[in-house]
Amino acid sequence: MVDQPRGNNSPEESSADLGLTAPSGLIGRIKEALPEGTFAVGAGLIVAAITAYLFVIVTLNALSAKEKSGFSAFWALVFVAGVGFFLPIEQEVSRAIAARRAQGLGAGPLVKRAAGLAFGLLVLLLVTITSVELLGNHIISDEFFHGNQGLVWALELSLVGFFCMHLTRGVLSGNGRFRPYGEMMGAEGVFRLAGAIVLAVIGVKV
């Protein structure tokens, strides 16, 4: 009786092995070729984009023509001001923390200084908006939001949110914590959409 060579598998076994190992090997090579955190941040971006689109649809369908115009101006100002002022802070914090990590240094003092500077910018923005609105006879709400003063305060609250969000993202990305970074991006969109749906169902107007 002749023993079969152990190293030779049947064609079916070889195909099965290839079917199991090839995809995982391909995914592994793709992950190695891409920068760290690409999948986590990419997934967060996709969720954020989809939920933002749905948020706008839900909101506009719940508003009158006049209210839609005010909301559109509010939505544009939120992202122009929020991202414009606080995204550079996120990027600088991330870069500085990553540089200190490479040198084996802690990031605590740097984060405190960055938080102080960002908070000072936030206070300046809030004081400016409030002063212009009150001293200018509600010029912001009249010119941009069709007299809806509530959207002025919502704009200020949004700036507070952008301050917290971008500072936190800078710390996360600088420390290489891309999964929480992506989760934060996705969660922001999901909670915003959920809030809009609840308000639309109960009939709250802006």
# chains A, B, ... in the order shown; residues from 1 in each chain; ligands from 1
>>> residues_around(residues="Leu63 of chain A", least_positions_apart="5", cutoff="12 Å", atoms="only C-alpha atoms", output="list in words")
Val56, Ile57, Val58, Lys68, Ser69, Gly70, Phe71, Ser72, Ala196, Leu199, Ala200, Gly203, Val204, Lys205 and Val206 of chain A
>>> write_last_selection(atoms="C-alpha atoms", output="PDB file, in the first residue's frame")
ATOM      1  CA  VAL A  56     -31.649  68.524   5.248  1.00  0.00           C
ATOM      2  CA  ILE A  57     -34.485  66.648   3.513  1.00  0.00           C
ATOM      3  CA  VAL A  58     -36.355  66.022   6.774  1.00  0.00           C
ATOM      4  CA  LYS A  68     -36.794  77.151   4.599  1.00  0.00           C
ATOM      5  CA  SER A  69     -35.007  80.301   3.482  1.00  0.00           C
ATOM      6  CA  GLY A  70     -33.948  81.134   7.029  1.00  0.00           C
ATOM      7  CA  PHE A  71     -32.786  77.586   7.685  1.00  0.00           C
ATOM      8  CA  SER A  72     -30.756  77.488   4.455  1.00  0.00           C
ATOM      9  CA  ALA A 196     -34.587  66.435  13.406  1.00  0.00           C
ATOM     10  CA  LEU A 199     -38.835  67.545  16.142  1.00  0.00           C
ATOM     11  CA  ALA A 200     -40.515  67.059  12.763  1.00  0.00           C
ATOM     12  CA  GLY A 203     -44.318  69.580  14.875  1.00  0.00           C
ATOM     13  CA  VAL A 204     -41.676  71.941  16.297  1.00  0.00           C
ATOM     14  CA  LYS A 205     -40.830  74.847  13.985  1.00  0.00           C
ATOM     15  CA  VAL A 206     -37.648  76.915  13.865  1.00  0.00           C
TER      16      VAL A 206
END
>>> residues_around(residues="segment 142-157 of chain A", least_positions_apart="2", cutoff="7 Å", atoms="only C-alpha atoms", output="ChimeraX atom specification")
/A:70,73-74,78,126,138-140,159-161
>>> atom_distance(atom1="atom CA of Arg95 of chain A", atom2="atom CA of Leu122 of chain A")
21.2 Å
>>> closest_residue(among="A:Val111, A:Leu125, A:Leu134, A:Ala194", to="Gly170 of chain A", atoms="only C-alpha atoms")
A:Val111
>>> residues_around(residues="segment 97-100 of chain A", least_positions_apart="4", cutoff="6 Å", atoms="only C-alpha atoms", output="list in words")
Leu105, Ala107 and Gly174 of chain A
>>> write_last_selection(atoms="N, CA and C atoms", output="short mmCIF file (atom, residue, chain, number, x, y, z; two decimals), in the first residue's frame")
data_model
loop_
_atom_site.label_atom_id
_atom_site.label_comp_id
_atom_site.auth_asym_id
_atom_site.auth_seq_id
_atom_site.Cartn_x
_atom_site.Cartn_y
_atom_site.Cartn_z
N LEU A 105 7.24 62.48 23.62
CA LEU A 105 6.83 63.52 24.56
C LEU A 105 5.33 63.47 24.79
N ALA A 107 1.49 65.10 25.50
CA ALA A 107 0.76 66.16 24.80
C ALA A 107 -0.11 66.99 25.73
N GLY A 174 -4.26 63.04 16.42
CA GLY A 174 -2.85 63.20 16.78
C GLY A 174 -2.31 62.01 17.54
#
>>> select_by_dssp(residues="segment 31-159 of chain A", states="alpha helix (DSSP H)", output="mmCIF file with N, CA and C atoms, in the first residue's frame")
data_model
loop_
_atom_site.group_PDB
_atom_site.id
_atom_site.type_symbol
_atom_site.label_atom_id
_atom_site.label_comp_id
_atom_site.auth_asym_id
_atom_site.auth_seq_id
_atom_site.Cartn_x
_atom_site.Cartn_y
_atom_site.Cartn_z
ATOM 1 N N LYS A 31 -5.047 47.129 3.263
ATOM 2 C CA LYS A 31 -4.897 47.886 4.508
ATOM 3 C C LYS A 31 -3.465 48.375 4.694
ATOM 4 N N GLU A 32 -2.506 47.518 4.316
ATOM 5 C CA GLU A 32 -1.110 47.916 4.452
ATOM 6 C C GLU A 32 -0.747 49.041 3.495
ATOM 7 N N ALA A 33 -1.389 49.043 2.320
ATOM 8 C CA ALA A 33 -1.062 50.062 1.318
ATOM 9 C C ALA A 33 -1.671 51.416 1.653
ATOM 10 N N THR A 38 -7.649 54.753 7.503
ATOM 11 C CA THR A 38 -8.428 55.091 6.309
ATOM 12 C C THR A 38 -9.835 54.516 6.368
ATOM 13 N N PHE A 39 -9.955 53.248 6.744
ATOM 14 C CA PHE A 39 -11.262 52.605 6.764
ATOM 15 C C PHE A 39 -12.164 53.206 7.839
ATOM 16 N N ALA A 40 -11.624 53.453 9.023
ATOM 17 C CA ALA A 40 -12.428 53.996 10.118
ATOM 18 C C ALA A 40 -12.930 55.395 9.796
ATOM 19 N N VAL A 41 -12.029 56.250 9.331
ATOM 20 C CA VAL A 41 -12.422 57.623 9.004
ATOM 21 C C VAL A 41 -13.326 57.639 7.773
ATOM 22 N N GLY A 42 -13.035 56.782 6.799
ATOM 23 C CA GLY A 42 -13.879 56.714 5.609
ATOM 24 C C GLY A 42 -15.299 56.303 5.936
ATOM 25 N N ALA A 43 -15.445 55.320 6.820
ATOM 26 C CA ALA A 43 -16.785 54.889 7.224
ATOM 27 C C ALA A 43 -17.522 56.016 7.945
ATOM 28 N N GLY A 44 -16.804 56.734 8.804
ATOM 29 C CA GLY A 44 -17.420 57.863 9.498
ATOM 30 C C GLY A 44 -17.867 58.947 8.540
ATOM 31 N N LEU A 45 -17.048 59.211 7.519
ATOM 32 C CA LEU A 45 -17.407 60.216 6.515
ATOM 33 C C LEU A 45 -18.653 59.813 5.735
ATOM 34 N N ILE A 46 -18.747 58.541 5.387
ATOM 35 C CA ILE A 46 -19.910 58.069 4.631
ATOM 36 C C ILE A 46 -21.183 58.233 5.456
ATOM 37 N N VAL A 47 -21.123 57.811 6.719
ATOM 38 C CA VAL A 47 -22.293 57.950 7.592
ATOM 39 C C VAL A 47 -22.654 59.422 7.774
ATOM 40 N N ALA A 48 -21.641 60.266 7.977
ATOM 41 C CA ALA A 48 -21.892 61.698 8.169
ATOM 42 C C ALA A 48 -22.526 62.321 6.932
ATOM 43 N N ALA A 49 -22.051 61.936 5.749
ATOM 44 C CA ALA A 49 -22.590 62.505 4.514
ATOM 45 C C ALA A 49 -24.040 62.082 4.290
ATOM 46 N N ILE A 50 -24.319 60.802 4.495
ATOM 47 C CA ILE A 50 -25.685 60.305 4.277
ATOM 48 C C ILE A 50 -26.656 60.932 5.268
ATOM 49 N N THR A 51 -26.267 60.975 6.539
ATOM 50 C CA THR A 51 -27.165 61.530 7.551
ATOM 51 C C THR A 51 -27.353 63.034 7.371
ATOM 52 N N ALA A 52 -26.323 63.745 6.907
ATOM 53 C CA ALA A 52 -26.473 65.180 6.650
ATOM 54 C C ALA A 52 -27.471 65.424 5.525
ATOM 55 N N TYR A 53 -27.391 64.610 4.488
ATOM 56 C CA TYR A 53 -28.331 64.726 3.367
ATOM 57 C C TYR A 53 -29.763 64.468 3.834
ATOM 58 N N LEU A 54 -29.947 63.406 4.615
ATOM 59 C CA LEU A 54 -31.283 63.085 5.118
ATOM 60 C C LEU A 54 -31.779 64.149 6.091
ATOM 61 N N PHE A 55 -30.867 64.707 6.875
ATOM 62 C CA PHE A 55 -31.239 65.762 7.820
ATOM 63 C C PHE A 55 -31.820 66.964 7.087
ATOM 64 N N VAL A 56 -31.163 67.375 6.015
ATOM 65 C CA VAL A 56 -31.649 68.524 5.248
ATOM 66 C C VAL A 56 -33.018 68.224 4.637
ATOM 67 N N ILE A 57 -33.195 67.018 4.104
ATOM 68 C CA ILE A 57 -34.485 66.648 3.513
ATOM 69 C C ILE A 57 -35.596 66.684 4.562
ATOM 70 N N VAL A 58 -35.347 66.057 5.709
ATOM 71 C CA VAL A 58 -36.355 66.022 6.774
ATOM 72 C C VAL A 58 -36.696 67.432 7.238
ATOM 73 N N THR A 59 -35.668 68.248 7.423
ATOM 74 C CA THR A 59 -35.884 69.601 7.931
ATOM 75 C C THR A 59 -36.663 70.462 6.941
ATOM 76 N N LEU A 60 -36.256 70.447 5.683
ATOM 77 C CA LEU A 60 -36.921 71.286 4.686
ATOM 78 C C LEU A 60 -38.368 70.857 4.458
ATOM 79 N N ASN A 61 -38.635 69.570 4.545
ATOM 80 C CA ASN A 61 -40.008 69.092 4.366
ATOM 81 C C ASN A 61 -40.922 69.502 5.516
ATOM 82 N N ALA A 65 -42.109 77.922 3.356
ATOM 83 C CA ALA A 65 -41.178 78.526 2.397
ATOM 84 C C ALA A 65 -40.288 79.571 3.067
ATOM 85 N N LYS A 66 -40.860 80.410 3.921
ATOM 86 C CA LYS A 66 -40.082 81.435 4.616
ATOM 87 C C LYS A 66 -39.097 80.804 5.585
ATOM 88 N N GLU A 67 -39.550 79.791 6.293
ATOM 89 C CA GLU A 67 -38.678 79.111 7.254
ATOM 90 C C GLU A 67 -37.551 78.371 6.544
ATOM 91 N N LYS A 68 -37.838 77.833 5.368
ATOM 92 C CA LYS A 68 -36.794 77.151 4.599
ATOM 93 C C LYS A 68 -35.669 78.105 4.233
ATOM 94 N N SER A 69 -36.017 79.319 3.855
ATOM 95 C CA SER A 69 -35.007 80.301 3.482
ATOM 96 C C SER A 69 -34.112 80.641 4.669
ATOM 97 N N GLY A 70 -34.726 80.836 5.833
ATOM 98 C CA GLY A 70 -33.948 81.134 7.029
ATOM 99 C C GLY A 70 -33.056 79.978 7.428
ATOM 100 N N PHE A 71 -33.587 78.758 7.333
ATOM 101 C CA PHE A 71 -32.786 77.586 7.685
ATOM 102 C C PHE A 71 -31.615 77.408 6.724
ATOM 103 N N SER A 72 -31.831 77.642 5.439
ATOM 104 C CA SER A 72 -30.756 77.488 4.455
ATOM 105 C C SER A 72 -29.598 78.432 4.764
ATOM 106 N N ALA A 73 -29.922 79.677 5.132
ATOM 107 C CA ALA A 73 -28.873 80.628 5.503
ATOM 108 C C ALA A 73 -28.164 80.178 6.779
ATOM 109 N N PHE A 74 -28.937 79.687 7.732
ATOM 110 C CA PHE A 74 -28.363 79.190 8.987
ATOM 111 C C PHE A 74 -27.418 78.021 8.727
ATOM 112 N N TRP A 75 -27.847 77.065 7.915
ATOM 113 C CA TRP A 75 -27.052 75.874 7.618
ATOM 114 C C TRP A 75 -25.730 76.253 6.954
ATOM 115 N N ALA A 76 -25.787 77.217 6.045
ATOM 116 C CA ALA A 76 -24.565 77.661 5.371
ATOM 117 C C ALA A 76 -23.624 78.366 6.343
ATOM 118 N N LEU A 77 -24.172 79.261 7.173
ATOM 119 C CA LEU A 77 -23.331 79.998 8.121
ATOM 120 C C LEU A 77 -22.699 79.081 9.154
ATOM 121 N N VAL A 78 -23.435 78.075 9.578
ATOM 122 C CA VAL A 78 -22.907 77.140 10.575
ATOM 123 C C VAL A 78 -21.623 76.490 10.071
ATOM 124 N N PHE A 79 -21.639 76.034 8.829
ATOM 125 C CA PHE A 79 -20.468 75.323 8.325
ATOM 126 C C PHE A 79 -19.361 76.271 7.874
ATOM 127 N N VAL A 80 -19.738 77.430 7.366
ATOM 128 C CA VAL A 80 -18.701 78.399 6.993
ATOM 129 C C VAL A 80 -17.951 78.871 8.234
ATOM 130 N N ALA A 81 -18.699 79.244 9.274
ATOM 131 C CA ALA A 81 -18.066 79.759 10.489
ATOM 132 C C ALA A 81 -17.457 78.638 11.326
ATOM 133 N N GLY A 82 -18.232 77.577 11.555
ATOM 134 C CA GLY A 82 -17.744 76.504 12.419
ATOM 135 C C GLY A 82 -16.517 75.814 11.869
ATOM 136 N N VAL A 83 -16.605 75.359 10.633
ATOM 137 C CA VAL A 83 -15.468 74.673 10.017
ATOM 138 C C VAL A 83 -14.337 75.656 9.729
ATOM 139 N N GLY A 84 -14.689 76.843 9.256
ATOM 140 C CA GLY A 84 -13.663 77.821 8.896
ATOM 141 C C GLY A 84 -12.794 78.241 10.066
ATOM 142 N N PHE A 85 -13.387 78.392 11.241
ATOM 143 C CA PHE A 85 -12.625 78.852 12.402
ATOM 144 C C PHE A 85 -11.973 77.706 13.184
ATOM 145 N N PHE A 86 -12.632 76.555 13.264
ATOM 146 C CA PHE A 86 -12.160 75.527 14.190
ATOM 147 C C PHE A 86 -11.482 74.330 13.527
ATOM 148 N N LEU A 87 -11.704 74.098 12.234
ATOM 149 C CA LEU A 87 -10.978 73.012 11.565
ATOM 150 C C LEU A 87 -9.466 73.254 11.549
ATOM 151 N N PRO A 88 -8.986 74.482 11.297
ATOM 152 C CA PRO A 88 -7.531 74.697 11.370
ATOM 153 C C PRO A 88 -6.950 74.375 12.743
ATOM 154 N N ILE A 89 -7.733 74.607 13.798
ATOM 155 C CA ILE A 89 -7.258 74.269 15.143
ATOM 156 C C ILE A 89 -7.115 72.759 15.276
ATOM 157 N N GLU A 90 -8.102 72.020 14.776
ATOM 158 C CA GLU A 90 -8.009 70.553 14.791
ATOM 159 C C GLU A 90 -6.751 70.076 14.075
ATOM 160 N N GLN A 91 -6.493 70.632 12.907
ATOM 161 C CA GLN A 91 -5.348 70.192 12.114
ATOM 162 C C GLN A 91 -4.025 70.509 12.807
ATOM 163 N N GLU A 92 -3.921 71.683 13.405
ATOM 164 C CA GLU A 92 -2.684 72.052 14.087
ATOM 165 C C GLU A 92 -2.469 71.219 15.344
ATOM 166 N N VAL A 93 -3.549 70.973 16.089
ATOM 167 C CA VAL A 93 -3.433 70.138 17.288
ATOM 168 C C VAL A 93 -3.003 68.726 16.905
ATOM 169 N N SER A 94 -3.619 68.182 15.867
ATOM 170 C CA SER A 94 -3.267 66.836 15.414
ATOM 171 C C SER A 94 -1.805 66.758 14.992
ATOM 172 N N ARG A 95 -1.367 67.730 14.211
ATOM 173 C CA ARG A 95 0.020 67.731 13.733
ATOM 174 C C ARG A 95 1.006 67.843 14.891
ATOM 175 N N ALA A 96 0.719 68.748 15.825
ATOM 176 C CA ALA A 96 1.642 68.969 16.937
ATOM 177 C C ALA A 96 1.711 67.754 17.863
ATOM 178 N N ILE A 97 0.563 67.136 18.140
ATOM 179 C CA ILE A 97 0.555 65.958 19.009
ATOM 180 C C ILE A 97 1.306 64.807 18.348
ATOM 181 N N ALA A 98 1.082 64.612 17.043
ATOM 182 C CA ALA A 98 1.779 63.541 16.332
ATOM 183 C C ALA A 98 3.291 63.760 16.365
ATOM 184 N N ALA A 99 3.721 65.008 16.229
ATOM 185 C CA ALA A 99 5.153 65.309 16.275
ATOM 186 C C ALA A 99 5.729 65.016 17.657
ATOM 187 N N ARG A 100 4.991 65.352 18.702
ATOM 188 C CA ARG A 100 5.466 65.085 20.063
ATOM 189 C C ARG A 100 5.475 63.582 20.354
ATOM 190 N N ARG A 101 4.494 62.864 19.825
ATOM 191 C CA ARG A 101 4.481 61.404 19.994
ATOM 192 C C ARG A 101 5.722 60.778 19.377
ATOM 193 N N ALA A 102 6.093 61.273 18.205
ATOM 194 C CA ALA A 102 7.270 60.728 17.523
ATOM 195 C C ALA A 102 8.540 60.953 18.335
ATOM 196 N N GLY A 108 -0.072 66.723 27.021
ATOM 197 C CA GLY A 108 -0.942 67.436 27.954
ATOM 198 C C GLY A 108 -0.813 68.949 27.907
ATOM 199 N N PRO A 109 0.392 69.503 28.068
ATOM 200 C CA PRO A 109 0.541 70.966 28.030
ATOM 201 C C PRO A 109 0.105 71.571 26.703
ATOM 202 N N LEU A 110 0.399 70.875 25.620
ATOM 203 C CA LEU A 110 0.019 71.382 24.301
ATOM 204 C C LEU A 110 -1.498 71.453 24.159
ATOM 205 N N VAL A 111 -2.190 70.405 24.606
ATOM 206 C CA VAL A 111 -3.651 70.383 24.503
ATOM 207 C C VAL A 111 -4.261 71.497 25.344
ATOM 208 N N LYS A 112 -3.700 71.745 26.517
ATOM 209 C CA LYS A 112 -4.224 72.813 27.373
ATOM 210 C C LYS A 112 -4.068 74.174 26.709
ATOM 211 N N ARG A 113 -2.909 74.412 26.097
ATOM 212 C CA ARG A 113 -2.699 75.690 25.411
ATOM 213 C C ARG A 113 -3.640 75.828 24.221
ATOM 214 N N ALA A 114 -3.781 74.760 23.458
ATOM 215 C CA ALA A 114 -4.666 74.803 22.293
ATOM 216 C C ALA A 114 -6.112 75.026 22.716
ATOM 217 N N ALA A 115 -6.523 74.362 23.794
ATOM 218 C CA ALA A 115 -7.893 74.531 24.281
ATOM 219 C C ALA A 115 -8.125 75.968 24.738
ATOM 220 N N GLY A 116 -7.116 76.552 25.386
ATOM 221 C CA GLY A 116 -7.247 77.938 25.832
ATOM 222 C C GLY A 116 -7.375 78.904 24.668
ATOM 223 N N LEU A 117 -6.556 78.711 23.639
ATOM 224 C CA LEU A 117 -6.623 79.584 22.465
ATOM 225 C C LEU A 117 -7.952 79.410 21.723
ATOM 226 N N ALA A 118 -8.376 78.159 21.565
ATOM 227 C CA ALA A 118 -9.638 77.903 20.866
ATOM 228 C C ALA A 118 -10.817 78.460 21.648
ATOM 229 N N PHE A 119 -10.758 78.349 22.966
ATOM 230 C CA PHE A 119 -11.841 78.887 23.788
ATOM 231 C C PHE A 119 -11.881 80.411 23.692
ATOM 232 N N GLY A 120 -10.711 81.031 23.653
ATOM 233 C CA GLY A 120 -10.670 82.483 23.479
ATOM 234 C C GLY A 120 -11.296 82.910 22.161
ATOM 235 N N LEU A 121 -11.006 82.153 21.097
ATOM 236 C CA LEU A 121 -11.615 82.437 19.798
ATOM 237 C C LEU A 121 -13.127 82.263 19.859
ATOM 238 N N LEU A 122 -13.571 81.216 20.540
ATOM 239 C CA LEU A 122 -15.007 80.973 20.676
ATOM 240 C C LEU A 122 -15.692 82.126 21.396
ATOM 241 N N VAL A 123 -15.111 82.568 22.502
ATOM 242 C CA VAL A 123 -15.697 83.682 23.256
ATOM 243 C C VAL A 123 -15.760 84.937 22.397
ATOM 244 N N LEU A 124 -14.700 85.199 21.639
ATOM 245 C CA LEU A 124 -14.682 86.367 20.759
ATOM 246 C C LEU A 124 -15.810 86.297 19.731
ATOM 247 N N LEU A 125 -16.015 85.128 19.148
ATOM 248 C CA LEU A 125 -17.082 84.965 18.159
ATOM 249 C C LEU A 125 -18.460 85.162 18.789
ATOM 250 N N LEU A 126 -18.661 84.568 19.961
ATOM 251 C CA LEU A 126 -19.964 84.679 20.621
ATOM 252 C C LEU A 126 -20.265 86.120 21.023
ATOM 253 N N VAL A 127 -19.262 86.797 21.558
ATOM 254 C CA VAL A 127 -19.461 88.196 21.962
ATOM 255 C C VAL A 127 -19.741 89.066 20.742
ATOM 256 N N THR A 128 -19.026 88.815 19.653
ATOM 257 C CA THR A 128 -19.225 89.605 18.435
ATOM 258 C C THR A 128 -20.630 89.406 17.873
ATOM 259 N N ILE A 129 -21.058 88.152 17.765
ATOM 260 C CA ILE A 129 -22.389 87.870 17.219
ATOM 261 C C ILE A 129 -23.479 88.475 18.094
ATOM 262 N N THR A 130 -23.350 88.289 19.411
ATOM 263 C CA THR A 130 -24.362 88.818 20.325
ATOM 264 C C THR A 130 -24.408 90.339 20.277
ATOM 265 N N SER A 131 -23.243 90.969 20.251
ATOM 266 C CA SER A 131 -23.193 92.432 20.227
ATOM 267 C C SER A 131 -23.798 92.991 18.946
ATOM 268 N N VAL A 132 -23.432 92.396 17.820
ATOM 269 C CA VAL A 132 -23.969 92.875 16.542
ATOM 270 C C VAL A 132 -25.481 92.677 16.488
ATOM 271 N N GLU A 133 -25.950 91.545 16.990
ATOM 272 C CA GLU A 133 -27.383 91.261 16.957
ATOM 273 C C GLU A 133 -28.172 92.213 17.856
ATOM 274 N N LEU A 134 -27.687 92.439 19.066
ATOM 275 C CA LEU A 134 -28.433 93.262 20.017
ATOM 276 C C LEU A 134 -28.261 94.754 19.752
ATOM 277 N N LEU A 135 -27.027 95.176 19.512
ATOM 278 C CA LEU A 135 -26.777 96.601 19.297
ATOM 279 C C LEU A 135 -27.190 97.052 17.898
ATOM 280 N N ILE A 139 -29.964 92.911 13.484
ATOM 281 C CA ILE A 139 -29.586 92.953 12.072
ATOM 282 C C ILE A 139 -29.264 91.565 11.518
ATOM 283 N N ILE A 140 -28.666 90.697 12.343
ATOM 284 C CA ILE A 140 -28.313 89.361 11.849
ATOM 285 C C ILE A 140 -29.562 88.538 11.577
ATOM 286 N N SER A 141 -30.477 88.528 12.544
ATOM 287 C CA SER A 141 -31.699 87.742 12.359
ATOM 288 C C SER A 141 -32.558 88.296 11.231
ATOM 289 N N ASP A 142 -32.583 89.613 11.071
ATOM 290 C CA ASP A 142 -33.400 90.209 10.009
ATOM 291 C C ASP A 142 -32.792 89.984 8.628
ATOM 292 N N GLU A 143 -31.483 90.138 8.521
ATOM 293 C CA GLU A 143 -30.834 90.055 7.215
ATOM 294 C C GLU A 143 -30.645 88.617 6.735
ATOM 295 N N PHE A 144 -30.385 87.713 7.661
ATOM 296 C CA PHE A 144 -30.064 86.338 7.264
ATOM 297 C C PHE A 144 -31.193 85.347 7.532
ATOM 298 N N GLY A 150 -34.250 83.094 17.061
ATOM 299 C CA GLY A 150 -33.829 81.807 17.607
ATOM 300 C C GLY A 150 -32.678 81.188 16.835
ATOM 301 N N LEU A 151 -32.617 81.450 15.532
ATOM 302 C CA LEU A 151 -31.533 80.895 14.726
ATOM 303 C C LEU A 151 -30.193 81.560 15.038
ATOM 304 N N VAL A 152 -30.230 82.789 15.543
ATOM 305 C CA VAL A 152 -28.981 83.441 15.957
ATOM 306 C C VAL A 152 -28.390 82.703 17.150
ATOM 307 N N TRP A 153 -29.242 82.390 18.118
ATOM 308 C CA TRP A 153 -28.756 81.668 19.300
ATOM 309 C C TRP A 153 -28.386 80.227 18.931
ATOM 310 N N ALA A 154 -29.099 79.660 17.969
ATOM 311 C CA ALA A 154 -28.731 78.320 17.495
ATOM 312 C C ALA A 154 -27.366 78.342 16.808
ATOM 313 N N LEU A 155 -27.074 79.422 16.097
ATOM 314 C CA LEU A 155 -25.762 79.570 15.464
ATOM 315 C C LEU A 155 -24.663 79.612 16.521
ATOM 316 N N GLU A 156 -24.900 80.353 17.587
ATOM 317 C CA GLU A 156 -23.903 80.431 18.656
ATOM 318 C C GLU A 156 -23.717 79.075 19.335
ATOM 319 N N LEU A 157 -24.817 78.378 19.560
ATOM 320 C CA LEU A 157 -24.719 77.047 20.166
ATOM 321 C C LEU A 157 -23.959 76.090 19.252
ATOM 322 N N SER A 158 -24.158 76.231 17.955
ATOM 323 C CA SER A 158 -23.439 75.393 16.995
ATOM 324 C C SER A 158 -21.939 75.654 17.052
ATOM 325 N N LEU A 159 -21.555 76.908 17.227
ATOM 326 C CA LEU A 159 -20.132 77.234 17.326
ATOM 327 C C LEU A 159 -19.504 76.591 18.562
#
>>> atom_distance(atom1="atom CA of Arg177 of chain A", atom2="atom CA of Gly37 of chain A")
7.9 Å
